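A.B. asks: Next comes the structure file data_15.pdb, holding PDB, C-alpha atoms and all ligand atoms.
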```pdb
ATOM      1  CA  MET A  32      -7.103  22.501 149.477
ATOM      2  CA  SER A  33      -8.809  19.137 149.667
ATOM      3  CA  THR A  34      -7.769  16.457 147.217
ATOM      4  CA  ARG A  35     -10.858  14.423 147.996
ATOM      5  CA  THR A  36     -12.873  13.497 144.901
ATOM      6  CA  PRO A  37     -16.541  14.226 145.554
ATOM      7  CA  LEU A  38     -18.878  11.238 145.532
ATOM      8  CA  MET A  39     -22.369  11.832 144.195
ATOM      9  CA  ALA A  40     -24.406   8.738 145.007
ATOM     10  CA  GLY A  41     -28.021   8.226 144.015
ATOM     11  CA  ASN A  42     -29.938   6.159 146.552
ATOM     12  CA  TRP A  43     -32.947   4.923 144.600
ATOM     13  CA  LYS A  44     -34.568   3.488 147.756
ATOM     14  CA  MET A  45     -37.517   1.195 146.808
ATOM     15  CA  ASN A  46     -37.942   2.640 143.310
ATOM     16  CA  LEU A  47     -37.258   1.376 139.757
ATOM     17  CA  ASN A  48     -37.587  -2.313 138.843
ATOM     18  CA  HIS A  49     -34.784  -4.077 136.966
ATOM     19  CA  LEU A  50     -36.057  -3.028 133.542
ATOM     20  CA  GLU A  51     -36.459   0.567 134.639
ATOM     21  CA  ALA A  52     -32.987   0.368 136.177
ATOM     22  CA  ILE A  53     -31.443  -0.558 132.826
ATOM     23  CA  ALA A  54     -33.188   2.320 131.063
ATOM     24  CA  HIS A  55     -32.203   4.723 133.844
ATOM     25  CA  VAL A  56     -28.508   3.778 133.865
ATOM     26  CA  GLN A  57     -28.368   3.860 130.060
ATOM     27  CA  LYS A  58     -29.854   7.350 130.026
ATOM     28  CA  LEU A  59     -27.502   8.478 132.774
ATOM     29  CA  SER A  60     -24.434   7.114 131.011
ATOM     30  CA  PHE A  61     -25.419   8.833 127.759
ATOM     31  CA  ALA A  62     -25.827  12.125 129.607
ATOM     32  CA  LEU A  63     -22.501  11.983 131.454
ATOM     33  CA  ALA A  64     -19.206  12.707 129.730
ATOM     34  CA  ASP A  65     -15.625  11.733 130.555
ATOM     35  CA  LYS A  66     -14.985  15.139 132.097
ATOM     36  CA  ASP A  67     -17.791  14.529 134.597
ATOM     37  CA  TYR A  68     -16.086  11.381 135.849
ATOM     38  CA  ASP A  69     -12.745  13.199 136.016
ATOM     39  CA  ALA A  70     -14.261  15.690 138.457
ATOM     40  CA  VAL A  71     -16.734  13.601 140.429
ATOM     41  CA  GLU A  72     -17.257   9.946 141.264
ATOM     42  CA  VAL A  73     -20.788   8.921 140.313
ATOM     43  CA  ALA A  74     -22.593   5.979 141.890
ATOM     44  CA  VAL A  75     -26.085   4.549 142.025
ATOM     45  CA  LEU A  76     -27.556   2.386 144.783
ATOM     46  CA  PRO A  77     -30.428   0.444 143.203
ATOM     47  CA  PRO A  78     -32.652  -2.112 144.951
ATOM     48  CA  PHE A  79     -31.058  -5.573 145.331
ATOM     49  CA  VAL A  80     -33.139  -7.085 142.530
ATOM     50  CA  ASP A  81     -31.727  -4.582 140.010
ATOM     51  CA  LEU A  82     -28.061  -5.179 140.748
ATOM     52  CA  ARG A  83     -27.447  -8.050 138.318
ATOM     53  CA  SER A  84     -28.957  -6.027 135.464
ATOM     54  CA  VAL A  85     -26.906  -2.971 136.375
ATOM     55  CA  GLN A  86     -23.753  -5.092 136.619
ATOM     56  CA  THR A  87     -24.342  -6.588 133.169
ATOM     57  CA  LEU A  88     -24.888  -3.156 131.656
ATOM     58  CA  VAL A  89     -21.910  -1.509 133.380
ATOM     59  CA  ASP A  90     -19.557  -4.400 132.525
ATOM     60  CA  GLY A  91     -20.838  -4.872 128.969
ATOM     61  CA  ASP A  92     -20.639  -1.204 128.024
ATOM     62  CA  LYS A  93     -17.597  -0.474 130.214
ATOM     63  CA  LEU A  94     -19.440   2.356 131.961
ATOM     64  CA  LYS A  95     -17.665   4.498 134.533
ATOM     65  CA  ILE A  96     -20.689   4.633 136.805
ATOM     66  CA  LYS A  97     -20.126   2.834 140.078
ATOM     67  CA  TYR A  98     -22.929   1.013 141.830
ATOM     68  CA  GLY A  99     -23.735  -0.531 145.148
ATOM     69  CA  ALA A 100     -26.467  -1.740 147.462
ATOM     70  CA  GLN A 101     -28.650  -0.031 150.038
ATOM     71  CA  ASP A 102     -28.012  -2.540 152.819
ATOM     72  CA  LEU A 103     -26.281  -5.834 153.600
ATOM     73  CA  SER A 104     -26.460  -8.531 156.221
ATOM     74  CA  ALA A 105     -24.005  -8.590 159.096
ATOM     75  CA  GLN A 106     -23.840 -12.378 158.530
ATOM     76  CA  ASP A 107     -21.848 -14.180 155.836
ATOM     77  CA  SER A 108     -24.336 -16.944 154.990
ATOM     78  CA  GLY A 109     -26.864 -19.297 156.547
ATOM     79  CA  ALA A 110     -30.432 -19.388 157.778
ATOM     80  CA  TYR A 111     -31.195 -15.659 157.627
ATOM     81  CA  THR A 112     -34.332 -15.469 155.512
ATOM     82  CA  GLY A 113     -34.504 -12.398 153.349
ATOM     83  CA  GLU A 114     -30.960 -11.269 154.009
ATOM     84  CA  ILE A 115     -28.275 -10.524 151.411
ATOM     85  CA  SER A 116     -24.614 -11.034 152.276
ATOM     86  CA  GLY A 117     -21.576  -8.947 151.526
ATOM     87  CA  ALA A 118     -20.143 -11.888 149.579
ATOM     88  CA  MET A 119     -23.200 -11.848 147.308
ATOM     89  CA  LEU A 120     -22.844  -8.114 146.743
ATOM     90  CA  ALA A 121     -19.137  -8.461 146.024
ATOM     91  CA  LYS A 122     -19.939 -11.113 143.409
ATOM     92  CA  LEU A 123     -22.265  -8.574 141.788
ATOM     93  CA  GLY A 124     -19.419  -6.070 141.540
ATOM     94  CA  CYS A 125     -20.749  -3.626 144.122
ATOM     95  CA  SER A 126     -18.293  -0.885 145.031
ATOM     96  CA  TYR A 127     -20.429   0.584 147.813
ATOM     97  CA  VAL A 128     -23.069  -0.367 150.314
ATOM     98  CA  ALA A 129     -25.116   1.982 152.483
ATOM     99  CA  VAL A 130     -25.106   1.058 156.169
ATOM    100  CA  GLY A 131     -27.480   2.422 158.778
ATOM    101  CA  HIS A 132     -29.570   4.645 156.548
ATOM    102  CA  SER A 133     -32.072   6.449 158.765
ATOM    103  CA  GLU A 134     -34.907   4.515 157.120
ATOM    104  CA  ARG A 135     -33.214   1.247 158.173
ATOM    105  CA  ARG A 136     -32.691   2.627 161.676
ATOM    106  CA  GLN A 137     -36.295   3.886 161.872
ATOM    107  CA  TYR A 138     -38.290   1.086 160.197
ATOM    108  CA  HIS A 139     -36.039  -1.879 160.970
ATOM    109  CA  GLY A 140     -34.687  -0.868 164.357
ATOM    110  CA  GLU A 141     -31.051  -0.950 163.283
ATOM    111  CA  SER A 142     -28.777  -0.071 166.181
ATOM    112  CA  ASP A 143     -25.267   1.328 166.151
ATOM    113  CA  GLU A 144     -24.059  -2.151 167.168
ATOM    114  CA  LEU A 145     -25.682  -3.716 164.107
ATOM    115  CA  CYS A 146     -24.354  -0.933 161.870
ATOM    116  CA  ASN A 147     -20.892  -1.608 163.255
ATOM    117  CA  ALA A 148     -21.215  -5.306 162.371
ATOM    118  CA  LYS A 149     -22.408  -4.354 158.879
ATOM    119  CA  VAL A 150     -19.464  -1.978 158.361
ATOM    120  CA  LYS A 151     -17.133  -4.854 159.273
ATOM    121  CA  ALA A 152     -19.021  -7.251 156.980
ATOM    122  CA  ALA A 153     -18.725  -4.810 154.070
ATOM    123  CA  TYR A 154     -14.962  -4.455 154.530
ATOM    124  CA  LYS A 155     -14.570  -8.202 154.908
ATOM    125  CA  HIS A 156     -15.883  -8.545 151.362
ATOM    126  CA  GLY A 157     -14.026  -5.602 149.882
ATOM    127  CA  ILE A 158     -17.005  -3.261 149.645
ATOM    128  CA  THR A 159     -16.790   0.340 150.815
ATOM    129  CA  PRO A 160     -19.475   1.207 153.357
ATOM    130  CA  ILE A 161     -21.357   4.469 153.231
ATOM    131  CA  LEU A 162     -22.129   4.845 156.937
ATOM    132  CA  CYS A 163     -25.231   7.002 157.339
ATOM    133  CA  VAL A 164     -25.648   9.133 160.442
ATOM    134  CA  GLY A 165     -27.773  12.078 161.444
ATOM    135  CA  GLU A 166     -30.294  13.416 163.927
ATOM    136  CA  GLY A 167     -34.061  13.595 164.036
ATOM    137  CA  LEU A 168     -36.060  16.768 164.459
ATOM    138  CA  ASP A 169     -36.373  16.497 168.245
ATOM    139  CA  VAL A 170     -32.605  16.206 168.611
ATOM    140  CA  ARG A 171     -32.074  19.161 166.274
ATOM    141  CA  LYS A 172     -34.561  21.260 168.237
ATOM    142  CA  ALA A 173     -32.666  20.435 171.421
ATOM    143  CA  GLY A 174     -29.425  21.569 169.772
ATOM    144  CA  GLU A 175     -27.903  18.123 170.289
ATOM    145  CA  GLN A 176     -27.183  17.310 166.635
ATOM    146  CA  VAL A 177     -23.407  17.172 166.995
ATOM    147  CA  PRO A 178     -23.107  14.851 170.025
ATOM    148  CA  HIS A 179     -25.946  12.681 168.717
ATOM    149  CA  THR A 180     -24.314  12.230 165.326
ATOM    150  CA  LEU A 181     -20.821  11.714 166.731
ATOM    151  CA  ALA A 182     -22.164   8.955 168.977
ATOM    152  CA  GLN A 183     -23.438   7.211 165.829
ATOM    153  CA  VAL A 184     -19.996   7.630 164.249
ATOM    154  CA  ASP A 185     -18.320   6.190 167.353
ATOM    155  CA  GLY A 186     -20.742   3.250 167.410
ATOM    156  CA  GLY A 187     -20.495   2.515 163.701
ATOM    157  CA  LEU A 188     -16.698   2.549 163.672
ATOM    158  CA  LYS A 189     -16.047   0.678 166.938
ATOM    159  CA  ASP A 190     -12.946  -1.516 166.521
ATOM    160  CA  VAL A 191     -12.728  -0.830 162.786
ATOM    161  CA  PRO A 192      -9.027  -0.418 161.975
ATOM    162  CA  ALA A 193      -7.534   2.719 160.436
ATOM    163  CA  GLU A 194      -6.502   0.977 157.220
ATOM    164  CA  GLN A 195     -10.183   0.289 156.553
ATOM    165  CA  VAL A 196     -11.659   3.526 157.861
ATOM    166  CA  GLU A 197      -9.480   5.674 155.615
ATOM    167  CA  SER A 198     -11.604   4.539 152.655
ATOM    168  CA  ILE A 199     -15.001   4.840 154.345
ATOM    169  CA  VAL A 200     -17.686   7.275 153.235
ATOM    170  CA  ILE A 201     -19.787   8.870 155.964
ATOM    171  CA  ALA A 202     -23.121  10.368 154.940
ATOM    172  CA  TYR A 203     -24.522  13.014 157.261
ATOM    173  CA  GLU A 204     -28.254  13.012 156.742
ATOM    174  CA  PRO A 205     -30.404  15.010 159.144
ATOM    175  CA  VAL A 206     -33.571  12.930 159.258
ATOM    176  CA  TRP A 207     -35.798  16.003 159.260
ATOM    177  CA  ALA A 208     -34.368  16.974 155.860
ATOM    178  CA  ILE A 209     -34.918  13.628 154.116
ATOM    179  CA  GLY A 210     -37.649  13.672 151.493
ATOM    180  CA  THR A 211     -39.260  16.681 153.136
ATOM    181  CA  GLY A 212     -37.934  19.512 150.968
ATOM    182  CA  GLU A 213     -36.440  20.899 154.216
ATOM    183  CA  VAL A 214     -32.806  21.101 153.205
ATOM    184  CA  ALA A 215     -30.317  21.902 155.935
ATOM    185  CA  THR A 216     -28.523  25.175 155.375
ATOM    186  CA  PRO A 217     -24.960  24.866 154.087
ATOM    187  CA  GLU A 218     -23.825  26.032 157.526
ATOM    188  CA  ASP A 219     -25.894  23.294 159.215
ATOM    189  CA  ALA A 220     -24.255  20.718 156.958
ATOM    190  CA  GLN A 221     -20.772  22.095 157.589
ATOM    191  CA  GLU A 222     -21.254  22.199 161.363
ATOM    192  CA  VAL A 223     -21.880  18.475 161.604
ATOM    193  CA  CYS A 224     -19.639  17.342 158.723
ATOM    194  CA  GLY A 225     -16.779  19.333 160.243
ATOM    195  CA  ALA A 226     -17.453  17.784 163.641
ATOM    196  CA  ILE A 227     -17.406  14.302 162.077
ATOM    197  CA  ARG A 228     -14.003  15.010 160.527
ATOM    198  CA  GLY A 229     -12.789  16.274 163.885
ATOM    199  CA  ARG A 230     -13.959  13.067 165.554
ATOM    200  CA  LEU A 231     -12.138  10.959 162.948
ATOM    201  CA  ALA A 232      -8.980  12.914 163.751
ATOM    202  CA  GLU A 233      -9.466  12.196 167.477
ATOM    203  CA  LEU A 234     -10.240   8.509 166.945
ATOM    204  CA  TYR A 235      -7.536   7.899 164.327
ATOM    205  CA  SER A 236      -5.383  10.753 163.008
ATOM    206  CA  GLN A 237      -5.705  14.066 161.177
ATOM    207  CA  GLU A 238      -4.094  12.449 158.138
ATOM    208  CA  LEU A 239      -6.806   9.790 158.058
ATOM    209  CA  ALA A 240      -9.559  12.304 158.717
ATOM    210  CA  ASP A 241      -8.384  14.376 155.766
ATOM    211  CA  LYS A 242      -8.791  11.373 153.458
ATOM    212  CA  VAL A 243     -12.342  10.408 154.419
ATOM    213  CA  ARG A 244     -15.199  11.614 152.261
ATOM    214  CA  ILE A 245     -18.165  13.009 154.153
ATOM    215  CA  GLN A 246     -21.392  13.450 152.224
ATOM    216  CA  TYR A 247     -24.456  15.512 152.974
ATOM    217  CA  GLY A 248     -27.893  14.034 152.285
ATOM    218  CA  GLY A 249     -31.410  15.403 152.640
ATOM    219  CA  SER A 250     -33.478  17.101 149.920
ATOM    220  CA  VAL A 251     -30.428  17.744 147.737
ATOM    221  CA  LYS A 252     -31.385  19.233 144.391
ATOM    222  CA  SER A 253     -29.602  20.989 141.539
ATOM    223  CA  GLY A 254     -30.629  24.318 143.027
ATOM    224  CA  ASN A 255     -28.984  23.821 146.430
ATOM    225  CA  ILE A 256     -26.031  21.517 145.748
ATOM    226  CA  ALA A 257     -23.468  24.186 144.814
ATOM    227  CA  ALA A 258     -23.807  26.025 148.137
ATOM    228  CA  ILE A 259     -23.604  22.764 150.078
ATOM    229  CA  MET A 260     -20.529  21.624 148.134
ATOM    230  CA  ALA A 261     -18.843  24.970 148.827
ATOM    231  CA  GLN A 262     -18.473  23.891 152.456
ATOM    232  CA  PRO A 263     -14.956  22.680 153.282
ATOM    233  CA  ASP A 264     -15.955  19.397 154.915
ATOM    234  CA  VAL A 265     -18.664  18.301 152.462
ATOM    235  CA  ASP A 266     -17.327  15.897 149.847
ATOM    236  CA  GLY A 267     -20.418  14.907 147.956
ATOM    237  CA  ALA A 268     -24.031  14.004 148.459
ATOM    238  CA  LEU A 269     -26.293  11.039 149.039
ATOM    239  CA  ILE A 270     -29.277  11.861 146.894
ATOM    240  CA  GLY A 271     -32.707  10.278 147.162
ATOM    241  CA  GLY A 272     -35.651  11.721 145.258
ATOM    242  CA  ALA A 273     -33.619  13.877 142.884
ATOM    243  CA  ALA A 274     -31.564  10.854 141.800
ATOM    244  CA  LEU A 275     -34.649   9.322 140.182
ATOM    245  CA  ASP A 276     -34.690  12.150 137.632
ATOM    246  CA  VAL A 277     -31.708  11.692 135.312
ATOM    247  CA  ASP A 278     -31.591  15.316 134.174
ATOM    248  CA  GLU A 279     -31.679  16.566 137.747
ATOM    249  CA  PHE A 280     -29.046  14.071 138.895
ATOM    250  CA  VAL A 281     -26.732  15.108 136.050
ATOM    251  CA  LYS A 282     -27.113  18.751 137.083
ATOM    252  CA  ILE A 283     -26.144  17.768 140.630
ATOM    253  CA  VAL A 284     -23.062  15.930 139.318
ATOM    254  CA  ARG A 285     -22.199  19.130 137.411
ATOM    255  CA  PHE A 286     -22.600  21.347 140.495
ATOM    256  CA  ARG A 287     -19.485  23.293 139.554
ATOM    257  CA  ASP A 288     -21.214  24.623 136.421
ATOM    258  CA  GLN A 289     -23.755  26.547 138.463
TER     259      GLN A 289
HETATM  260  O1  LIG A 301     -30.323   8.494 150.898
HETATM  261  C1  LIG A 301     -30.789   9.575 150.592
HETATM  262  C2  LIG A 301     -31.406  10.428 151.558
HETATM  263  O2  LIG A 301     -32.295   9.728 152.374
HETATM  264  C3  LIG A 301     -31.956  11.710 151.020
HETATM  265  O3  LIG A 301     -33.188  11.528 150.396
HETATM  266  P1  LIG A 301     -33.864  12.789 149.665
HETATM  267  O4  LIG A 301     -32.817  13.342 148.741
HETATM  268  O5  LIG A 301     -35.051  12.249 148.932
HETATM  269  O6  LIG A 301     -34.217  13.771 150.738
END
```
Turn the structure described in the file into structure tokens.
C.D. replies:
Amino acid sequence: MSTRTPLMAGNWKMNLNHLEAIAHVQKLSFALADKDYDAVEVAVLPPFVDLRSVQTLVDGDKLKIKYGAQDLSAQDSGAYTGEISGAMLAKLGCSYVAVGHSERRQYHGESDELCNAKVKAAYKHGITPILCVGEGLDVRKAGEQVPHTLAQVDGGLKDVPAEQVESIVIAYEPVWAIGTGEVATPEDAQEVCGAIRGRLAELYSQELADKVRIQYGGSVKSGNIAAIMAQPDVDGALIGGAALDVDEFVKIVRFRDQ
């Protein structure tokens, strides 16, 4: 039986300003109890401009909620207008950073090479990357979801050493299921998450592969999370829309109660 602690991470995307972020995290922390954190790791990924407020709240009230960013620069510092470095995120106490979310790949042209540089930048500054991978609808229709996604895993992890990769989180998010209400079936999720674990075993070792947490993401809600989490290679979820509703997010964290 897996000893991996599930990670439920709420990706707020471009929602909630810094005042709304404070109210949201306060409400979430009131709703969650110690036993929730014993069973599941809970994290939020707010917009950059909210992170200082979230840090102050989490530190001041000694909250057990983890937090992180939705992206980072591959560069450390310098003339990169609009970019945010891993060092800056580390200073803000970020535990996690999403890398290569499909919306970054789609709207900002992020390649596997850039994602690989961002994974390395995150580790350089002691932040755990959540490497996002997954296929679009055309790839799914062609039945190529496994090789497509494994190529993204290969690209994102190129030359990243085992001692770093053993802590990575990989989020499998079929693009056709993101924000569409079209959730992948639990079997769809398991097929690709299992293949990702198999690839980690090939690239590194079975021991390492067994340590890595692999999330599913795409229209996760309280009503479908239990069946997805019942799959042997799914270790949590990256949650978009449903994470903006505290009550719904808490129900997802408590998936075992359903
Ligand atoms: O990062 C989260 C994913 O893009 C899923 O978003 P969603 O839950 O709104 O479908």
A.B. asks: Decode the PyMOL selection byres (((chain A and resi 122) around 12) and not hetatm) for the given file into explicit residues and return them as a PyMOL selection string.
C.D. replies: chain A and resi 82-83+86+99+115-121+123-126+156-158
A.B. asks: Show me which residues are within 6 Å of ligand LIG 301 (chain A) counting all atoms listed in the file, and format the list as a PyMOL selection string.
C.D. replies: chain A and resi 42+209-210+248-251+269-273
A.B. asks: Pull out every residue that the PyMOL selection byres (((chain A and resi 204-206) around 9) and not hetatm) matches in the shown coordinates and put them as a list of chain:residue names.
C.D. replies: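 Checking the PyMOL selection byres (((chain A and resi 204-206) around 9) and not hetatm) against this file, the residues are A:His132, A:Ser133, A:Glu134, A:Cys163, A:Val164, A:Gly165, A:Glu166, A:Gly167, A:Leu168, A:Arg171, A:Gln176, A:Ala202, A:Tyr203, A:Trp207, A:Ala208, A:Ile209, A:Gly210, A:Val214, A:Ala215, A:Ala220, A:Gln246, A:Tyr247, A:Gly248, A:Gly249, A:Leu269.
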A.B. asks: Would you mind exporting C-alpha atoms of the selected residues as a short mmCIF file (atom, residue, chain, number, x, y, z; two decimals), in the coordinates of the input?
C.D. replies:
```cif
data_model
loop_
_atom_site.label_atom_id
_atom_site.label_comp_id
_atom_site.auth_asym_id
_atom_site.auth_seq_id
_atom_site.Cartn_x
_atom_site.Cartn_y
_atom_site.Cartn_z
CA HIS A 132 -29.57 4.64 156.55
CA SER A 133 -32.07 6.45 158.76
CA GLU A 134 -34.91 4.51 157.12
CA CYS A 163 -25.23 7.00 157.34
CA VAL A 164 -25.65 9.13 160.44
CA GLY A 165 -27.77 12.08 161.44
CA GLU A 166 -30.29 13.42 163.93
CA GLY A 167 -34.06 13.60 164.04
CA LEU A 168 -36.06 16.77 164.46
CA ARG A 171 -32.07 19.16 166.27
CA GLN A 176 -27.18 17.31 166.64
CA ALA A 202 -23.12 10.37 154.94
CA TYR A 203 -24.52 13.01 157.26
CA TRP A 207 -35.80 16.00 159.26
CA ALA A 208 -34.37 16.97 155.86
CA ILE A 209 -34.92 13.63 154.12
CA GLY A 210 -37.65 13.67 151.49
CA VAL A 214 -32.81 21.10 153.21
CA ALA A 215 -30.32 21.90 155.94
CA ALA A 220 -24.26 20.72 156.96
CA GLN A 246 -21.39 13.45 152.22
CA TYR A 247 -24.46 15.51 152.97
CA GLY A 248 -27.89 14.03 152.28
CA GLY A 249 -31.41 15.40 152.64
CA LEU A 269 -26.29 11.04 149.04
#
```
A.B. asks: So the first atom is atom CA of Leu275 of chain A and the second is atom CA of Gln57 of chain A; what is the distance between them in Å, to one decimal place?
C.D. replies: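 Straight-line distance from atom CA of Leu275 of chain A to atom CA of Gln57 of chain A works out to 13.1 Å.
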A.B. asks: Let me know the residues the PyMOL selection byres (((chain A and resi 89) around 12) and not hetatm) catches in the file above, as a list in words.
C.D. replies: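 Checking the PyMOL selection byres (((chain A and resi 89) around 12) and not hetatm) against this file, the residues are Ala52, Ile53, Val56, Gln57, Leu59, Ser60, Ala74, Val75, Leu82, Arg83, Ser84, Val85, Gln86, Thr87, Leu88, Asp90, Gly91, Asp92, Lys93, Leu94, Lys95, Ile96, Lys97, Tyr98, Gly99, Leu123, Gly124 and Cys125 of chain A.
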A.B. asks: Rounded to one decimal place, report the atom CA of Val223 of chain A-atom CA of Asn46 of chain A distance in Å.
C.D. replies: 29.0 Å
A.B. asks: With all atoms listed in the file as the counted atoms, please give the residues lying no more than 8 Å from Thr159 of chain A, apart from itself and same-chain residues fewer than 2 positions off, as an MDAnalysis selection string.
C.D. replies: chainID A and resid 126:128 153:154 157 161 198:200
A.B. asks: The residues within 10 Å of (-37.6, 21.2, 138.3), using only C-alpha atoms and the coordinates of the file, should be reported as a VMD selection string; which are they?
C.D. replies: chain A and resid 252 to 254 273 276 278 to 279
A.B. asks: Within 9 Å of Phe286 of chain A, counting only C-alpha atoms, which residues show up once you throw out same-chain ones fewer than 4 positions away? Write them as number ranges by chain, please.
C.D. replies: A: 253-254, 256-257, 260, 281-282
A.B. asks: For atom CA of Asp264 of chain A and atom CA of Val184 of chain A, determine how far apart the two atoms are, in Å to one decimal place.
C.D. replies: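 Taking atom CA of Asp264 of chain A and atom CA of Val184 of chain A, their separation equals 15.6 Å.
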A.B. asks: What are the centre and the three edge lengths of an axis-aligned box that wraps all atoms of segment 259-276 of chain A in the file, given that 4 Å is added to every side, written as AutoDock Vina command-line options and rounded to one decimal in Å?
C.D. replies:
```
--center_x -25.3 --center_y 17.1 --center_z 146.3 --size_x 28.7 --size_y 23.6 --size_z 25.3
```
A.B. asks: I'd like to know which of A:Glu197, A:Val130, A:Ala258, A:Asp185 is closest to Arg244 of chain A, using only C-alpha atoms.
C.D. replies: A:Glu197
